[in-house]
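S.K.: Here it is: the structure, laid out below.
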Amino acid sequence: MARVIFWDVDTQYDFMHADGKLYVPEAERIIANLQRLTDYAHRHGIRVLASADDHVMGDPEISDKPDWQRTFPAHCMRGTPGQQKIPETALRDPLVIEPTRIDAKALADRLRGHQGDVLFHKHRFDVFTNENVSTVLDVLAPDDIVLYGVATDVCDKAAVEGLLERRPHTRLFVVTDAVKGIDKDVSEQLLKDWGDEGVRLVKTKEVVEEGLVEDLARAGA
């Protein structure tokens, strides 16, 4: 159904700004590129699938003694400004999909009748803990996914590895100047490892100025 989709990982205030509750170091530096990618998608009719943490106290991920692997301090709490996406990556008429499983046929019908973007809420860092993500991917059946956002070594990692496992025949692109990680060394190694696994590592300029998406469209024609 969809030739190319863009995949926006957790570009929320609490991650993206220094006064956020779980700031990803230097995340502000990629905001301009995030906006360029979002604007490009909307100008060219490309659907954006985005994830967003949506926490309440009591979620297993939230802890006052975090291990920084599976648990983290309170962040992106429901109803707070920090949970909101930054304006530079605002979605177009998003269909919000909660983590609780929805009947696959009913969700497919909703998705086919919806022309806007999609927002997956999640209570854990792994987007695939939202039980409806796989259904959406099956319906859209993208040939190519262009991924960006934060954090490289946490939520990006879960998304990339989940996509590689679940959609091995979909080409996956990671926009390296539109991602940031918590641990710089770990994040750099992850990018290298993903490249070795077949993920295409690209720059924002290649996507929005140099015709990457147009080339993909021609290749699939």
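Labels used: A, B, ... for chains in the order of the structure tokens, numbers from 1 for residues in each chain, and numbers from 1 for ligands as shown.
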Show me, as CSV, the residues of segment 103-136 of chain A having an atom within 7 Å of segment 44-49 of chain A, each with the closest atom pair and its distance in Å, using only C-alpha atoms.

M.R.:
```
residue,atom,partner,partner_atom,distance
A:Gly116,CA,A:Arg47,CA,6.7
A:Asp117,CA,A:Val48,CA,5.0
A:Val118,CA,A:Leu49,CA,4.8
A:Leu119,CA,A:Leu49,CA,6.0
```

S.K.: If you run DSSP on the backbone, which residues of chain A are helix (DSSP H, G or I), as a VMD selection string?

M.R.: chain A and resid 13 to 16 27 to 43 81 to 83 87 to 89 104 to 112 127 to 129 133 to 140 152 to 166 184 to 196 204 to 208 212 to 220

S.K.: Any chance you could list, as JSON, numbers by chain, the residues in segment 57-179 of chain A that come up strand (DSSP E or B) when DSSP is run on the backbone?

M.R.: {"A": [62, 72, 77, 85, 95, 96, 97, 118, 119, 120, 121, 122, 144, 145, 146, 147, 148, 149, 150, 171, 172, 173, 174, 175, 176, 177, 178, 179]}

S.K.: Residues within 12 Å of Glu188 of chain A, please, as a ChimeraX atom specification. Count only C-alpha atoms; anything in the same chain fewer than 5 positions from it doesn't count.

M.R.: /A:151-153,157,176-177,179-183,193-195,201

S.K.: Taking only C-alpha atoms into account, which of A:Leu22, A:Val175, A:Val4, A:Val160 comes nearest Asp143 of chain A?

M.R.: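 Among A:Leu22, A:Val175, A:Val4, A:Val160, it is A:Val4 that comes nearest to Asp143 of chain A.
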
S.K.: Which is closer to Gln83 of chain A than all the others in A:Leu172, A:Val136, A:Val56, A:Ile97, using only C-alpha atoms?

M.R.: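 Comparing A:Leu172, A:Val136, A:Val56, A:Ile97 against Gln83 of chain A, the winner is A:Val56.
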